[in-house]
file run-v1.txt (compact mmCIF, C-alpha atoms)
# COMPACT_ATOMS: atom_id res chain seq x y z
CA MET A 217 28.61 -14.81 -24.62
CA THR A 218 29.68 -17.58 -26.98
CA LEU A 219 28.45 -17.11 -30.52
CA ARG A 220 27.94 -19.88 -33.04
CA TRP A 221 29.96 -19.07 -36.15
CA GLY A 222 29.10 -19.76 -39.75
CA ILE A 223 31.78 -19.63 -42.46
CA LEU A 224 30.77 -18.31 -45.88
CA ALA A 225 33.10 -19.61 -48.63
CA THR A 226 35.89 -22.16 -48.32
CA GLY A 227 39.04 -20.59 -49.78
CA GLY A 228 42.44 -20.08 -48.22
CA ILE A 229 41.51 -17.20 -45.92
CA ALA A 230 38.46 -19.13 -44.66
CA HIS A 231 40.75 -22.05 -43.81
CA ALA A 232 43.16 -19.82 -41.89
CA PHE A 233 40.38 -18.11 -39.94
CA THR A 234 38.52 -21.30 -39.11
CA ASN A 235 41.71 -23.04 -38.00
CA ASP A 236 42.40 -20.20 -35.55
CA LEU A 237 38.83 -20.32 -34.22
CA LYS A 238 39.11 -24.06 -33.59
CA LEU A 239 42.59 -23.78 -32.02
CA ASN A 240 41.32 -21.18 -29.58
CA GLY A 241 38.08 -22.86 -28.53
CA LEU A 242 35.49 -20.82 -30.43
CA THR A 243 32.35 -22.51 -31.77
CA VAL A 244 32.20 -23.11 -35.53
CA GLN A 245 28.69 -24.33 -36.21
CA ALA A 246 28.22 -24.18 -39.98
CA VAL A 247 29.84 -23.70 -43.36
CA GLY A 248 28.24 -22.60 -46.61
CA SER A 249 29.55 -22.84 -50.16
CA ARG A 250 28.03 -22.65 -53.63
CA ARG A 251 29.57 -26.07 -54.23
CA ALA A 252 28.30 -28.93 -52.07
CA GLU A 253 31.55 -30.89 -52.36
CA ALA A 254 33.58 -27.89 -51.15
CA ALA A 255 31.31 -27.40 -48.14
CA GLU A 256 31.46 -31.11 -47.28
CA ALA A 257 35.27 -31.21 -47.51
CA PHE A 258 35.61 -28.08 -45.37
CA ALA A 259 33.21 -29.43 -42.76
CA THR A 260 35.07 -32.73 -42.61
CA GLU A 261 38.43 -30.99 -42.22
CA PHE A 262 37.29 -28.86 -39.28
CA GLY A 263 34.57 -31.02 -37.70
CA ILE A 264 31.75 -28.59 -38.51
CA PRO A 265 28.25 -30.04 -37.92
CA ASN A 266 26.05 -27.95 -40.26
CA VAL A 267 26.87 -28.09 -43.97
CA HIS A 268 25.13 -25.93 -46.58
CA SER A 269 25.43 -26.02 -50.37
CA SER A 270 24.23 -22.43 -50.77
CA TYR A 271 24.72 -19.11 -49.04
CA GLU A 272 20.95 -18.77 -48.74
CA ALA A 273 20.80 -21.96 -46.66
CA LEU A 274 23.55 -20.64 -44.39
CA ALA A 275 21.62 -17.39 -43.90
CA ALA A 276 18.56 -19.41 -42.90
CA ASP A 277 20.36 -21.69 -40.42
CA PRO A 278 18.79 -21.04 -36.98
CA GLU A 279 21.87 -22.42 -35.21
CA VAL A 280 24.17 -19.69 -36.59
CA ASP A 281 24.57 -16.34 -34.83
CA ILE A 282 27.39 -14.70 -36.78
CA VAL A 283 28.89 -15.30 -40.21
CA TYR A 284 32.45 -14.74 -41.40
CA ILE A 285 32.40 -13.67 -45.06
CA ALA A 286 35.46 -14.81 -47.00
CA THR A 287 34.52 -14.25 -50.64
CA PRO A 288 36.33 -11.91 -53.10
CA HIS A 289 35.81 -8.17 -52.55
CA PRO A 290 33.08 -7.59 -55.15
CA LEU A 291 30.83 -10.10 -53.36
CA HIS A 292 31.26 -8.78 -49.82
CA ALA A 293 28.34 -6.35 -49.85
CA GLU A 294 25.95 -8.81 -51.50
CA ASN A 295 26.91 -11.60 -49.09
CA ALA A 296 26.76 -9.36 -46.02
CA ILE A 297 23.31 -8.07 -46.97
CA LEU A 298 22.07 -11.64 -47.42
CA MET A 299 23.34 -12.64 -43.98
CA LEU A 300 22.02 -9.50 -42.27
CA ASN A 301 18.60 -10.09 -43.79
CA GLY A 302 18.83 -13.59 -42.35
CA GLY A 303 19.34 -12.11 -38.88
CA LYS A 304 23.06 -12.87 -38.63
CA HIS A 305 25.83 -10.63 -37.37
CA VAL A 306 28.66 -10.41 -39.92
CA LEU A 307 32.45 -10.24 -39.84
CA VAL A 308 33.44 -9.25 -43.37
CA GLU A 309 36.92 -9.82 -44.78
CA LYS A 310 38.87 -6.72 -45.65
CA PRO A 311 38.49 -4.62 -47.58
CA PHE A 312 34.99 -4.31 -46.13
CA THR A 313 33.45 -3.91 -49.59
CA LEU A 314 34.53 -2.88 -53.09
CA THR A 315 33.40 0.76 -52.78
CA GLY A 316 32.33 3.35 -50.25
CA PRO A 317 28.63 3.32 -51.25
CA GLU A 318 28.54 -0.47 -50.80
CA ALA A 319 30.07 -0.11 -47.34
CA ALA A 320 27.48 2.49 -46.37
CA ALA A 321 24.67 0.20 -47.55
CA VAL A 322 25.92 -2.65 -45.34
CA ARG A 323 26.36 -0.31 -42.37
CA ASP A 324 22.87 1.12 -42.74
CA LEU A 325 21.20 -2.28 -43.03
CA ALA A 326 23.07 -3.58 -39.97
CA ALA A 327 21.86 -0.56 -37.99
CA GLU A 328 18.30 -1.11 -39.20
CA LYS A 329 18.43 -4.77 -38.19
CA GLY A 330 20.18 -4.14 -34.85
CA LEU A 331 23.10 -6.37 -35.87
CA LEU A 332 26.89 -6.14 -35.83
CA ALA A 333 28.73 -5.54 -39.09
CA LEU A 334 32.48 -5.58 -38.50
CA GLU A 335 35.41 -5.43 -40.90
CA ALA A 336 37.85 -8.31 -40.46
CA MET A 337 40.95 -6.13 -40.26
CA TRP A 338 42.60 -8.67 -37.97
CA THR A 339 45.75 -6.58 -37.48
CA ARG A 340 43.89 -4.07 -35.28
CA TYR A 341 43.25 -6.74 -32.65
CA LEU A 342 46.71 -8.31 -32.48
CA PRO A 343 48.62 -8.06 -29.17
CA HIS A 344 51.44 -5.94 -30.57
CA MET A 345 48.98 -3.41 -31.99
CA VAL A 346 47.12 -3.26 -28.68
CA ARG A 347 50.42 -2.56 -26.93
CA ILE A 348 51.41 0.09 -29.48
CA ARG A 349 48.19 1.99 -28.86
CA GLU A 350 48.91 1.84 -25.12
CA ILE A 351 52.41 3.24 -25.64
CA ILE A 352 51.09 6.10 -27.77
CA ALA A 353 48.35 6.89 -25.23
CA ALA A 354 50.96 6.99 -22.45
CA GLY A 355 52.85 9.72 -24.32
CA THR A 356 56.06 7.72 -24.62
CA LEU A 357 56.59 8.81 -28.23
CA GLY A 358 55.71 12.42 -27.59
CA GLU A 359 53.70 13.74 -30.52
CA VAL A 360 53.40 11.06 -33.20
CA ARG A 361 54.25 12.84 -36.45
CA THR A 362 54.81 10.19 -39.12
CA LEU A 363 53.85 6.68 -40.19
CA LEU A 364 55.94 4.78 -42.74
CA ALA A 365 54.53 1.42 -43.82
CA ASP A 366 54.67 -0.93 -46.77
CA HIS A 367 52.82 -4.07 -47.81
CA THR A 368 54.74 -5.39 -50.77
CA GLN A 369 54.62 -8.90 -52.20
CA ASP A 370 55.88 -10.59 -55.36
CA ILE A 371 52.74 -12.40 -56.51
CA SER A 372 52.02 -14.22 -59.76
CA ASP A 373 51.80 -12.23 -62.99
CA ASP A 374 49.38 -14.81 -64.41
CA PRO A 375 46.49 -12.75 -65.87
CA SER A 376 44.00 -15.30 -64.51
CA HIS A 377 45.27 -14.92 -60.93
CA ARG A 378 42.63 -13.27 -58.71
CA LEU A 379 44.98 -10.43 -57.78
CA ASN A 380 45.36 -9.50 -61.45
CA ASP A 381 41.66 -9.69 -62.32
CA LEU A 382 39.84 -6.35 -62.06
CA ALA A 383 36.47 -8.11 -62.23
CA LEU A 384 37.36 -9.73 -58.89
CA GLY A 385 38.60 -6.47 -57.38
CA GLY A 386 42.19 -7.53 -57.97
CA GLY A 387 45.12 -5.19 -57.52
CA ALA A 388 47.61 -4.08 -54.90
CA LEU A 389 45.47 -1.36 -53.32
CA LEU A 390 42.50 -3.32 -52.01
CA ASP A 391 44.33 -6.58 -51.30
CA LEU A 392 47.53 -5.17 -49.79
CA GLY A 393 47.24 -1.41 -49.41
CA ILE A 394 44.20 -1.74 -47.16
CA TYR A 395 46.57 -2.74 -44.33
CA PRO A 396 48.77 0.37 -44.15
CA VAL A 397 45.86 2.65 -45.10
CA SER A 398 43.81 1.25 -42.21
CA PHE A 399 46.83 1.64 -39.92
CA ALA A 400 47.07 5.32 -40.87
CA TRP A 401 43.40 5.77 -40.01
CA ASP A 402 43.95 4.00 -36.69
CA LEU A 403 46.77 6.38 -35.78
CA PHE A 404 45.61 9.71 -37.17
CA GLY A 405 41.97 9.42 -38.22
CA ALA A 406 40.63 10.98 -41.41
CA PRO A 407 43.28 12.53 -43.66
CA GLU A 408 42.94 16.17 -44.66
CA SER A 409 44.70 15.52 -47.97
CA ILE A 410 45.49 12.49 -50.11
CA LEU A 411 48.20 12.19 -52.77
CA ALA A 412 48.72 8.98 -54.74
CA ASP A 413 50.50 7.50 -57.74
CA ALA A 414 50.41 4.04 -59.26
CA ARG A 415 51.74 1.67 -61.88
CA PHE A 416 49.54 -0.91 -63.60
CA LYS A 417 49.75 -4.41 -65.04
CA ALA A 418 48.64 -5.36 -68.54
CA THR A 419 45.31 -6.54 -67.14
CA GLY A 420 44.60 -3.04 -65.81
CA ALA A 421 45.08 -4.10 -62.20
CA ASP A 422 47.22 -1.84 -60.05
CA ALA A 423 50.68 -3.32 -59.45
CA GLN A 424 52.11 -0.56 -57.22
CA VAL A 425 50.35 2.23 -55.33
CA ALA A 426 52.09 4.86 -53.22
CA THR A 427 50.12 7.27 -51.03
CA ILE A 428 50.77 10.27 -48.82
CA PHE A 429 48.08 11.21 -46.30
CA GLY A 430 48.32 14.68 -44.77
CA TYR A 431 46.90 15.68 -41.38
CA SER A 432 46.65 18.73 -39.18
CA GLY A 433 49.85 19.87 -37.51
CA GLY A 434 52.03 18.65 -40.34
CA ARG A 435 51.57 14.95 -39.59
CA LEU A 436 52.09 12.54 -42.50
CA ALA A 437 51.46 8.88 -43.30
CA THR A 438 53.16 7.32 -46.29
CA THR A 439 52.27 3.88 -47.63
CA LEU A 440 53.43 1.64 -50.44
CA SER A 441 51.56 -1.41 -51.66
CA ALA A 442 52.83 -3.64 -54.45
CA SER A 443 51.99 -7.03 -55.89
CA ASP A 444 55.04 -7.37 -58.15
CA THR A 445 57.94 -6.57 -55.78
CA LYS A 446 58.62 -7.85 -52.28
CA GLY A 447 59.85 -5.26 -49.82
CA PRO A 448 60.66 -5.25 -46.10
CA ASN A 449 57.00 -5.24 -44.92
CA THR A 450 57.95 -3.18 -41.91
CA ALA A 451 56.46 -0.06 -40.34
CA SER A 452 57.77 2.82 -38.26
CA LEU A 453 55.97 5.39 -36.13
CA LEU A 454 58.01 8.53 -35.60
CA GLY A 455 57.36 10.73 -32.58
CA THR A 456 59.00 13.84 -31.21
CA ASP A 457 60.48 11.90 -28.25
CA ALA A 458 60.83 8.33 -29.56
CA ARG A 459 59.86 6.00 -32.39
CA ILE A 460 58.49 2.49 -32.80
CA ASP A 461 60.03 0.14 -35.36
CA ILE A 462 57.73 -2.80 -36.16
CA ASP A 463 59.53 -5.76 -37.68
CA GLU A 464 58.60 -7.97 -40.62
CA VAL A 465 55.78 -8.77 -41.06
CA TRP A 466 54.31 -5.73 -39.29
CA TYR A 467 50.63 -6.56 -39.90
CA THR A 468 50.97 -10.10 -38.44
CA PRO A 469 52.04 -11.14 -34.90
CA THR A 470 55.61 -9.86 -34.72
CA THR A 471 58.15 -7.93 -32.65
CA PHE A 472 58.77 -4.23 -32.22
CA ARG A 473 61.07 -1.88 -30.37
CA VAL A 474 60.52 1.54 -28.83
CA ILE A 475 63.66 3.57 -29.50
CA GLY A 476 64.39 6.83 -27.72
CA SER A 477 65.70 9.91 -29.47
CA ASP A 478 69.17 9.04 -28.14
CA GLY A 479 69.03 5.59 -29.77
CA SER A 480 68.39 3.66 -26.55
CA VAL A 481 65.86 0.81 -26.62
CA LEU A 482 63.08 1.74 -24.20
CA GLU A 483 60.98 -1.40 -24.75
CA SER A 484 61.03 -4.58 -26.79
CA PHE A 485 57.87 -6.55 -27.50
CA GLU A 486 57.43 -10.08 -28.79
CA SER A 487 54.05 -11.48 -29.80
CA GLU A 488 52.83 -14.76 -28.37
CA VAL A 489 49.77 -16.19 -30.08
CA THR A 490 48.17 -19.57 -30.67
CA GLY A 491 47.78 -20.08 -34.39
CA ARG A 492 47.99 -17.18 -36.81
CA GLY A 493 46.19 -14.72 -34.56
CA MET A 494 42.99 -14.30 -36.57
CA HIS A 495 40.83 -15.30 -33.61
CA PHE A 496 41.38 -11.99 -31.79
CA GLN A 497 38.98 -10.24 -34.16
CA ALA A 498 36.39 -12.97 -33.54
CA LEU A 499 36.73 -12.54 -29.79
CA ALA A 500 36.31 -8.80 -30.27
CA ALA A 501 33.16 -9.38 -32.32
CA GLU A 502 31.70 -11.65 -29.64
CA LYS A 503 32.40 -9.06 -26.93
CA LEU A 504 30.81 -6.27 -28.98
CA VAL A 505 27.66 -8.36 -29.39
CA ALA A 506 27.63 -9.27 -25.70
CA ASP A 507 28.04 -5.60 -24.74
CA GLY A 508 25.44 -4.44 -27.23
CA ASP A 509 28.07 -2.18 -28.79
CA LEU A 510 27.16 -2.69 -32.43
CA ARG A 511 28.99 0.37 -33.81
CA GLY A 512 32.09 0.59 -31.58
CA GLY A 513 35.27 -1.24 -30.77
CA ALA A 514 38.75 -0.89 -32.23
CA LEU A 515 37.33 -0.48 -35.73
CA PRO A 516 33.90 1.20 -35.70
CA ILE A 517 31.69 0.57 -38.71
CA ASP A 518 31.64 4.28 -39.56
CA GLU A 519 35.43 4.18 -39.82
CA SER A 520 35.32 1.16 -42.14
CA VAL A 521 32.95 3.11 -44.40
CA ALA A 522 35.25 6.16 -44.31
CA ILE A 523 38.29 4.00 -45.10
CA MET A 524 36.49 2.64 -48.16
CA GLU A 525 35.71 6.20 -49.20
CA SER A 526 39.40 7.12 -48.91
CA LEU A 527 40.27 4.09 -51.06
CA ASP A 528 37.70 5.36 -53.58
CA GLU A 529 39.51 8.72 -53.58
CA ILE A 530 42.88 7.02 -54.14
CA ARG A 531 41.37 5.13 -57.05
CA ARG A 532 39.97 8.36 -58.48
CA ILE A 533 43.42 9.95 -58.31
CA ILE A 534 45.20 7.05 -60.00
CA GLY A 535 42.40 6.36 -62.49
CA LEU A 536 41.43 2.89 -61.31
CA VAL A 537 37.86 1.88 -62.18
CA TYR A 538 36.34 -1.57 -61.63
CA PRO A 539 34.16 -3.17 -64.33
CA SER A 540 31.07 -3.04 -62.07
CA GLU A 541 31.43 0.77 -61.90
CA ARG A 542 31.41 1.31 -65.65
call {"tool": "encode", "arguments": {"input": "run-v1.txt", "output": "C-alpha cells"}}
result
Amino acid sequence: MTLRWGILATGGIAHAFTNDLKLNGLTVQAVGSRRAEAAEAFATEFGIPNVHSSYEALAADPEVDIVYIATPHPLHAENAILMLNGGKHVLVEKPFTLTGPEAAAVRDLAAEKGLLALEAMWTRYLPHMVRIREIIAAGTLGEVRTLLADHTQDISDDPSHRLNDLALGGGALLDLGIYPVSFAWDLFGAPESILADARFKATGADAQVATIFGYSGGRLATTLSASDTKGPNTASLLGTDARIDIDEVWYTPTTFRVIGSDGSVLESFESEVTGRGMHFQALAAEKLVADGDLRGGALPIDESVAIMESLDEIRRIIGLVYPSER
C-alpha cells in the first residue's frame, strides 16, 4: 500500500525527511506551514503538488493519508491531535511529545479513530539496528548485560537557539538523550530503577544529563547526553559471550563489529543506504497501515508513551520543569 504523505512544518528535519522520501520513491503529496511563503518554497524545492498555508488546511486535505509532524516538541501533541481529528495517520518526530500525559492523549485518540500514531525514532528502523537485533536474538552475545551510549554535541550557547530555550522544549535530554534512552528501552524494556544527574545552562536548559537504568538480573544501561561538549557518539552492547561496538555516529547508518570474548572479530557490518536513511521509518509506517497493525512494529505506541514517562521521571530527578508545566 502506497500512502500519500503530508509534511507539517518546513524546518531542517522536514527537509531531511522529505529528501529521503523522494530519493526512495515514496509519494509526498502535500506540505503545510503557518507561513504561505515557506510552504510554497518547500513545495517548489521538492515538487510537491498540494500547498497549504495552515496546518488546518493540511488536516483537511482529502489527498493526504499520513502526516509527518516536524515541529518543536511542545507542539507535537497539538499537531498530532489536529491531524488525527482530520482522519490522518501520523508519524511524529521524536521525542513523541513533551510529556507522558501528552503522549497518552495522542495514543488514546489514535486508538479511538482507528489510526496509526508512530514516533519517528528513525534509528530503530536502520539496517544496522535490524541486524543487531537479529544477532542478539540468535544468542551470539550470550546474555546482554550492559549498554553504554552517548549522544553528545557541541551546539551553540546562544540563548535564543532552540536547544537553549525551555519554552521550546530545548535541552540535551529531549533533543539528544531520547536516542540512547530509546535504545535502552529497545534492548531491555522498562527499567526497574532510574538514576540521573545533570548540569544546566544559564537559560535553565539542561546542558548535560547522565542516566543509569537498572534492570532485573543486574543488567544496566548508561547514557550521556550533552549539548555543550562533543563526545565519541558511539555505543557498546556487552554480553557474557561477546560484545557489539557501534561506531560513530551510532544512531545513524554506520558500521559495527561483533567481538568475541577472546578479542576476535566475529562479524563486521557496514550500512548501505540511499540518502540519510530516514525513509525506513516511513516504509515501516506504510506497512503497519497496510497490515492493520496500528499499535505494533519495532516501536509500539505504548512503548513511546512509556519512554516519555521515563523521560518525565528523569526530569523529576534532575529538577527540570518546562514553562507549560508551571
call {"tool": "closest_residue", "arguments": {"input": "run-v1.txt", "among": "A:Ser372, A:Asn266, A:Gln424, A:Asn240", "to": "Phe496 of chain A", "atoms": "only C-alpha atoms"}}
result
A:Asn240
call {"tool": "closest_residue", "arguments": {"input": "run-v1.txt", "among": "A:Ser520, A:Thr470, A:Thr490, A:Gln369", "to": "Met345 of chain A", "atoms": "all atoms listed in the file"}}
result
A:Thr470
call {"tool": "residues_around", "arguments": {"input": "run-v1.txt", "residues": "Asp281 of chain A", "least_positions_apart": "6", "cutoff": "6 Å", "atoms": "all atoms listed in the file", "output": "mmCIF file with C-alpha atoms, in the frame of the given file"}}
result
data_model
loop_
_atom_site.group_PDB
_atom_site.id
_atom_site.type_symbol
_atom_site.label_atom_id
_atom_site.label_comp_id
_atom_site.auth_asym_id
_atom_site.auth_seq_id
_atom_site.Cartn_x
_atom_site.Cartn_y
_atom_site.Cartn_z
ATOM 1 C CA LEU A 219 28.450 -17.110 -30.520
ATOM 2 C CA ARG A 220 27.940 -19.880 -33.040
ATOM 3 C CA LYS A 304 23.060 -12.870 -38.630
#
call {"tool": "atom_distance", "arguments": {"input": "run-v1.txt", "atom1": "atom CA of Asp457 of chain A", "atom2": "atom CA of Gly355 of chain A"}}
result
8.9 Å
call {"tool": "atom_distance", "arguments": {"input": "run-v1.txt", "atom1": "atom CA of Val521 of chain A", "atom2": "atom CA of Val308 of chain A"}}
result
12.4 Å
call {"tool": "closest_residue", "arguments": {"input": "run-v1.txt", "among": "A:Ile394, A:Ala501, A:Thr456, A:Glu541", "to": "Thr218 of chain A", "atoms": "all atoms listed in the file"}}
result
A:Ala501
call {"tool": "closest_residue", "arguments": {"input": "run-v1.txt", "among": "A:Ile371, A:Val505, A:Ala276, A:Ala458", "to": "Glu483 of chain A", "atoms": "all atoms listed in the file"}}
result
A:Ala458
call {"tool": "closest_residue", "arguments": {"input": "run-v1.txt", "among": "A:Ala320, A:Ala522, A:Ala246, A:Met337", "to": "Ala406 of chain A", "atoms": "only C-alpha atoms"}}
result
A:Ala522
call {"tool": "closest_residue", "arguments": {"input": "run-v1.txt", "among": "A:Ala319, A:Val474, A:Leu440, A:Ile282", "to": "His344 of chain A", "atoms": "only C-alpha atoms"}}
result
A:Val474
call {"tool": "residues_around", "arguments": {"input": "run-v1.txt", "residues": "Thr368 of chain A", "least_positions_apart": "5", "cutoff": "9 Å", "atoms": "only C-alpha atoms", "output": "list of chain:residue names"}}
result
A:Ala388, A:Leu392, A:Gly393, A:Gln424, A:Leu440, A:Ser441, A:Ala442, A:Ser443, A:Asp444, A:Thr445, A:Lys446, A:Gly447, A:Pro448, A:Asn449
call {"tool": "residues_around", "arguments": {"input": "run-v1.txt", "residues": "Leu363 of chain A", "least_positions_apart": "4", "cutoff": "12 Å", "atoms": "all atoms listed in the file", "output": "PDB file with C-alpha atoms, in the frame of the given file"}}
result
ATOM      1  CA  GLU A 359      53.700  13.740 -30.520  1.00  0.00           C
ATOM      2  CA  PRO A 396      48.770   0.370 -44.150  1.00  0.00           C
ATOM      3  CA  VAL A 397      45.860   2.650 -45.100  1.00  0.00           C
ATOM      4  CA  SER A 398      43.810   1.250 -42.210  1.00  0.00           C
ATOM      5  CA  PHE A 399      46.830   1.640 -39.920  1.00  0.00           C
ATOM      6  CA  ALA A 400      47.070   5.320 -40.870  1.00  0.00           C
ATOM      7  CA  TRP A 401      43.400   5.770 -40.010  1.00  0.00           C
ATOM      8  CA  ASP A 402      43.950   4.000 -36.690  1.00  0.00           C
ATOM      9  CA  LEU A 403      46.770   6.380 -35.780  1.00  0.00           C
ATOM     10  CA  PHE A 404      45.610   9.710 -37.170  1.00  0.00           C
ATOM     11  CA  THR A 427      50.120   7.270 -51.030  1.00  0.00           C
ATOM     12  CA  ILE A 428      50.770  10.270 -48.820  1.00  0.00           C
ATOM     13  CA  PHE A 429      48.080  11.210 -46.300  1.00  0.00           C
ATOM     14  CA  GLY A 430      48.320  14.680 -44.770  1.00  0.00           C
ATOM     15  CA  TYR A 431      46.900  15.680 -41.380  1.00  0.00           C
ATOM     16  CA  ARG A 435      51.570  14.950 -39.590  1.00  0.00           C
ATOM     17  CA  LEU A 436      52.090  12.540 -42.500  1.00  0.00           C
ATOM     18  CA  ALA A 437      51.460   8.880 -43.300  1.00  0.00           C
ATOM     19  CA  THR A 438      53.160   7.320 -46.290  1.00  0.00           C
ATOM     20  CA  THR A 439      52.270   3.880 -47.630  1.00  0.00           C
ATOM     21  CA  LEU A 440      53.430   1.640 -50.440  1.00  0.00           C
ATOM     22  CA  THR A 450      57.950  -3.180 -41.910  1.00  0.00           C
ATOM     23  CA  ALA A 451      56.460  -0.060 -40.340  1.00  0.00           C
ATOM     24  CA  SER A 452      57.770   2.820 -38.260  1.00  0.00           C
ATOM     25  CA  LEU A 453      55.970   5.390 -36.130  1.00  0.00           C
ATOM     26  CA  LEU A 454      58.010   8.530 -35.600  1.00  0.00           C
ATOM     27  CA  GLY A 455      57.360  10.730 -32.580  1.00  0.00           C
ATOM     28  CA  ARG A 459      59.860   6.000 -32.390  1.00  0.00           C
ATOM     29  CA  ILE A 460      58.490   2.490 -32.800  1.00  0.00           C
ATOM     30  CA  ASP A 461      60.030   0.140 -35.360  1.00  0.00           C
ATOM     31  CA  ILE A 462      57.730  -2.800 -36.160  1.00  0.00           C
TER      32      ILE A 462
END
call {"tool": "atom_distance", "arguments": {"input": "run-v1.txt", "atom1": "atom CA of Ser526 of chain A", "atom2": "atom CA of Ala383 of chain A"}}
result
20.4 Å
